[in-house]
>>> print(open('start32.txt').read())   # compact mmCIF, C-alpha atoms
# COMPACT_ATOMS: atom_id res chain seq x y z
CA MET A 1 9.09 -11.99 8.01
CA ALA A 2 7.20 -15.16 7.26
CA GLU A 3 8.47 -18.44 5.86
CA ASN A 4 6.45 -19.93 3.02
CA GLY A 5 7.37 -23.59 3.60
CA SER A 6 10.24 -23.77 1.11
CA GLY A 7 12.64 -21.94 3.40
CA PHE A 8 12.12 -18.70 1.45
CA VAL A 9 11.37 -15.84 3.83
CA ARG A 10 8.86 -13.20 2.72
CA GLU A 11 8.57 -9.70 4.09
CA VAL A 12 5.43 -8.91 6.06
CA ALA A 13 2.88 -6.95 4.03
CA HIS A 14 2.06 -3.76 5.97
CA ARG A 15 -1.44 -2.31 6.11
CA VAL A 16 -1.29 1.33 5.01
CA PHE A 17 -4.07 3.74 4.06
CA ALA A 18 -4.03 5.34 0.60
CA ALA A 19 -3.51 8.86 1.96
CA GLU A 20 -0.34 7.77 3.77
CA LEU A 21 1.03 5.72 0.88
CA LYS A 22 0.47 8.68 -1.46
CA GLU A 23 2.71 10.87 0.74
CA SER A 24 5.45 8.22 0.99
CA ASN A 25 8.66 8.87 -0.94
CA LEU A 26 11.52 7.85 1.40
CA GLN A 27 13.28 4.78 0.03
CA ALA A 28 15.79 2.71 1.97
CA LYS A 29 17.84 -0.29 0.94
CA GLU A 30 19.34 -2.86 3.27
CA GLY A 31 22.59 -4.28 1.94
CA GLN A 32 24.62 -3.31 -1.08
CA ASP A 33 24.00 -6.03 -3.66
CA GLN A 34 21.34 -5.97 -6.36
CA TYR A 35 19.19 -8.47 -4.45
CA SER A 36 19.07 -6.42 -1.24
CA PRO A 37 15.50 -5.57 -0.26
CA GLN A 38 14.18 -2.11 -1.10
CA TYR A 39 11.86 -0.45 1.43
CA LEU A 40 9.50 2.48 1.41
CA ILE A 41 9.31 4.26 4.76
CA THR A 42 5.96 5.98 5.30
CA PRO A 43 5.29 9.19 7.25
CA THR A 44 4.17 7.16 10.30
CA GLY A 45 7.29 4.97 10.19
CA ALA A 46 6.06 1.80 8.47
CA LYS A 47 9.01 0.18 6.69
CA CYS A 48 7.31 -1.46 3.72
CA ASN A 49 8.79 -3.91 1.29
CA ARG A 50 5.23 -5.14 0.68
CA VAL A 51 1.79 -3.72 1.46
CA PHE A 52 -1.65 -5.23 1.98
CA ILE A 53 -4.58 -3.07 0.90
CA VAL A 54 -8.32 -3.56 0.54
CA GLY A 55 -10.72 -1.19 -1.14
CA THR A 56 -13.16 -0.68 -3.97
CA LEU A 57 -11.92 -1.14 -7.53
CA THR A 58 -13.38 1.92 -9.28
CA GLU A 59 -11.48 1.93 -12.58
CA LYS A 60 -9.28 -0.36 -14.62
CA GLU A 61 -7.60 -0.25 -18.01
CA ASP A 62 -5.25 -2.29 -20.13
CA VAL A 63 -2.30 0.03 -20.75
CA GLY A 64 0.00 -2.62 -22.28
CA MET A 65 1.50 -2.15 -25.71
CA ASP A 66 2.68 -5.62 -26.73
CA ALA A 67 1.22 -7.63 -23.86
CA GLU A 68 -1.59 -7.08 -21.39
CA PHE A 69 -0.59 -4.73 -18.59
CA TRP A 70 -3.43 -3.72 -16.33
CA ARG A 71 -3.71 -0.68 -14.12
CA GLY A 72 -6.47 -0.25 -11.57
CA ARG A 73 -7.65 2.41 -9.14
CA ILE A 74 -8.68 1.10 -5.71
CA VAL A 75 -10.30 3.44 -3.20
CA ASP A 76 -10.25 3.23 0.60
CA PRO A 77 -11.81 5.76 3.03
CA THR A 78 -8.75 8.06 2.78
CA GLY A 79 -8.05 8.15 -0.97
CA ALA A 80 -6.97 6.04 -3.94
CA PHE A 81 -4.26 3.47 -4.59
CA PHE A 82 -3.00 2.79 -8.09
CA VAL A 83 -2.23 -0.87 -8.73
CA SER A 84 -0.59 -2.54 -11.71
CA ALA A 85 -0.21 -6.14 -12.87
CA GLY A 86 1.22 -7.61 -16.05
CA GLN A 87 2.91 -10.69 -17.47
CA TYR A 88 5.00 -11.25 -14.32
CA GLN A 89 1.88 -11.21 -12.13
CA PRO A 90 -0.42 -13.31 -14.35
CA GLU A 91 -3.04 -14.22 -11.71
CA ALA A 92 -3.39 -10.60 -10.57
CA ALA A 93 -3.54 -9.38 -14.19
CA GLN A 94 -6.24 -11.94 -15.04
CA LEU A 95 -8.29 -10.92 -12.01
CA LEU A 96 -8.09 -7.24 -12.99
CA ALA A 97 -8.97 -8.11 -16.58
CA LYS A 98 -12.15 -10.02 -15.67
CA THR A 99 -13.40 -7.89 -12.74
CA THR A 100 -16.03 -5.26 -13.40
CA PRO A 101 -15.91 -2.19 -11.12
CA PRO A 102 -17.15 -1.47 -8.54
CA GLU A 103 -15.89 -4.50 -6.62
CA PHE A 104 -14.08 -4.95 -3.28
CA ILE A 105 -10.51 -6.05 -3.95
CA ALA A 106 -7.66 -7.16 -1.65
CA VAL A 107 -4.10 -6.71 -2.93
CA VAL A 108 -0.68 -7.71 -1.67
CA GLY A 109 2.10 -6.03 -3.58
CA LYS A 110 5.27 -4.00 -3.67
CA PRO A 111 5.09 -0.23 -3.36
CA THR A 112 6.94 1.50 -6.19
CA ILE A 113 7.88 5.12 -6.69
CA TYR A 114 8.00 6.89 -10.02
CA THR A 115 9.11 10.47 -10.64
CA THR A 116 7.52 12.18 -13.63
CA LYS A 117 9.40 14.50 -16.02
CA GLU A 118 7.75 17.39 -14.16
CA GLY A 119 9.23 16.16 -10.87
CA ASN A 120 6.01 14.81 -9.35
CA VAL A 121 6.46 11.68 -7.26
CA LEU A 122 3.83 8.99 -7.83
CA THR A 123 3.48 5.95 -5.58
CA SER A 124 1.78 2.83 -6.87
CA ILE A 125 1.60 -0.86 -6.02
CA ARG A 126 2.86 -3.67 -8.25
CA ALA A 127 0.44 -6.46 -7.39
CA GLU A 128 1.75 -9.86 -6.35
CA SER A 129 -1.68 -11.27 -5.56
CA MET A 130 -5.20 -9.93 -5.85
CA TYR A 131 -8.57 -11.25 -4.72
CA VAL A 132 -12.21 -10.20 -4.89
CA VAL A 133 -13.47 -9.94 -1.28
CA ASP A 134 -16.70 -9.04 0.49
CA GLY A 135 -17.67 -5.88 2.34
CA ALA A 136 -17.01 -7.46 5.75
CA THR A 137 -13.38 -8.15 4.74
CA ARG A 138 -12.97 -4.56 3.57
CA ASP A 139 -14.49 -3.26 6.85
CA ARG A 140 -12.16 -5.46 8.92
CA TRP A 141 -9.17 -4.18 6.93
CA VAL A 142 -10.17 -0.56 7.60
CA VAL A 143 -10.46 -1.19 11.36
CA GLU A 144 -7.17 -3.14 11.54
CA THR A 145 -5.33 -0.58 9.40
CA ALA A 146 -6.64 2.24 11.60
CA ASP A 147 -5.40 0.39 14.70
CA LEU A 148 -1.95 -0.32 13.22
CA THR A 149 -1.61 3.27 11.96
CA ALA A 150 -2.52 4.62 15.43
CA LYS A 151 0.15 2.36 16.97
CA ARG A 152 2.76 3.65 14.49
CA ILE A 153 1.75 7.24 15.29
CA ALA A 154 2.25 6.51 19.01
CA LYS A 155 5.74 5.05 18.31
CA LEU A 156 6.71 7.97 16.07
CA GLN A 157 8.32 9.86 18.97
CA SER A 158 10.50 6.87 19.91
CA ASN A 159 14.15 6.40 19.01
CA GLU A 160 13.34 3.42 16.81
CA PRO A 161 15.37 3.92 13.58
CA ASP A 162 12.38 3.89 11.20
CA ALA A 163 10.48 6.37 13.40
CA VAL A 164 13.51 8.68 13.49
CA ARG A 165 13.94 8.47 9.69
CA ALA A 166 10.24 9.16 9.13
CA ARG A 167 10.23 12.15 11.53
CA GLU A 168 13.36 13.65 9.99
CA HIS A 169 12.32 13.12 6.36
CA TYR A 170 8.62 14.00 6.53
CA SER A 171 8.30 16.22 9.63
CA THR A 172 5.15 14.14 10.10
CA ASN A 173 2.10 16.09 11.24
CA VAL A 174 0.84 13.63 13.86
CA GLU A 175 -2.52 15.39 14.21
CA GLU A 176 -3.14 15.08 10.47
CA TYR A 177 -2.61 11.31 10.63
CA ARG A 178 -4.73 10.95 13.77
CA ALA A 179 -7.51 12.79 11.91
CA MET A 180 -7.08 10.44 8.93
CA VAL A 181 -7.48 7.41 11.23
CA ALA A 182 -10.58 8.95 12.87
CA MET A 183 -12.08 9.75 9.45
CA ALA A 184 -11.50 6.19 8.21
CA LEU A 185 -13.22 4.74 11.30
CA GLU A 186 -16.05 7.27 11.03
CA SER A 187 -16.66 6.18 7.43
CA MET A 188 -17.46 2.70 8.74
CA LYS A 189 -20.32 4.09 10.86
CA ALA A 190 -21.77 6.00 7.92
CA GLN A 191 -22.52 2.83 5.95
>>> encode(input="start32.txt", output="structure tokens")
Amino acid sequence: MAENGSGFVREVAHRVFAAELKESNLQAKEGQDQYSPQYLITPTGAKCNRVFIVGTLTEKEDVGMDAEFWRGRIVDPTGAFFVSAGQYQPEAAQLLAKTTPPEFIAVVGKPTIYTTKEGNVLTSIRAESMYVVDGATRDRWVVETADLTAKRIAKLQSNEPDAVRAREHYSTNVEEYRAMVAMALESMKAQ
């Protein structure tokens, strides 16, 4: 957790690839009151209240009825993230509104889970902040995210509570996630 100067402590934003976030559906809450933080535990054991992603904005649309509510699709080497921003995230919504795809975008936001009427689970990110970045920033994010994902994979066999919960809930295929990390790093060489 990081303090922002006013004494308010913010959760660390975890770097997670799109393919892993898409598979994430295990929610955990610490505490019993309505203000207790909600977490999303990923298949490699990341306990995310917030995530930090960087990728290419490929699509955007205003899906708001009464007020602007923007949804965007951001692609990394493993897949796509779906990001939203509206009246409660005005800076992020304005950035989505004025940005023309394709553009490299960095996003910090809260992962949210939605279950459709058909029972499909969709994971998206409610943006808190969003910035246009350059290719070097995106490349650095891919390398750092690959490194952090590999470290989580290595800790997955530990008795750390989040690793145990991830293993039990997802029966995580470690080789599949190692291959995802290798593919993401390989995509950097292909540029």
>>> closest_residue(input="start32.txt", among="A:Pro101, A:Gly55, A:Gly119, A:Gly45", to="Ala150 of chain A", atoms="only C-alpha atoms")
A:Gly45
>>> closest_residue(input="start32.txt", among="A:Gln32, A:Thr123, A:Ser24, A:Thr78", to="Ala179 of chain A", atoms="all atoms listed in the file")
A:Thr78
>>> atom_distance(input="start32.txt", atom1="atom CA of Ser36 of chain A", atom2="atom CA of Thr115 of chain A")
21.7 Å
>>> residues_around(input="start32.txt", residues="Gln94 of chain A", least_positions_apart="6", cutoff="10 Å", atoms="all atoms listed in the file", output="PyMOL selection string")
chain A and resi 68-70+85-87+130
>>> residues_around(input="start32.txt", residues="Pro102 of chain A", least_positions_apart="4", cutoff="9 Å", atoms="only C-alpha atoms", output="list in words")
Thr56, Leu57, Thr58 and Glu59 of chain A
>>> residues_near_point(input="start32.txt", point="(-2.2, -6.8, -6.5)", cutoff="10 Å", atoms="only C-alpha atoms", output="count of residues only")
29
>>> residues_around(input="start32.txt", residues="Thr44 of chain A", least_positions_apart="2", cutoff="12 Å", atoms="all atoms listed in the file", output="number ranges by chain")
A: 14-17, 19-21, 23-24, 26, 40-42, 46-48, 146, 148-158, 160, 162-178, 180-181
>>> closest_residue(input="start32.txt", among="A:Val75, A:Ala182, A:Lys98, A:Glu11", to="Asp62 of chain A", atoms="all atoms listed in the file")
A:Lys98
>>> atom_distance(input="start32.txt", atom1="atom CA of Pro77 of chain A", atom2="atom CA of Val133 of chain A")
16.4 Å
>>> closest_residue(input="start32.txt", among="A:Leu122, A:Phe81, A:Ile113, A:Asp76", to="Arg138 of chain A", atoms="all atoms listed in the file")
A:Asp76
>>> atom_distance(input="start32.txt", atom1="atom CA of Asp134 of chain A", atom2="atom CA of Ala13 of chain A")
20.0 Å
>>> closest_residue(input="start32.txt", among="A:Gly79, A:Pro161, A:Gly135, A:Pro111", to="Met183 of chain A", atoms="only C-alpha atoms")
A:Gly79
>>> closest_residue(input="start32.txt", among="A:Gly31, A:Ser124, A:Tyr88, A:Glu144", to="Ala67 of chain A", atoms="only C-alpha atoms")
A:Tyr88
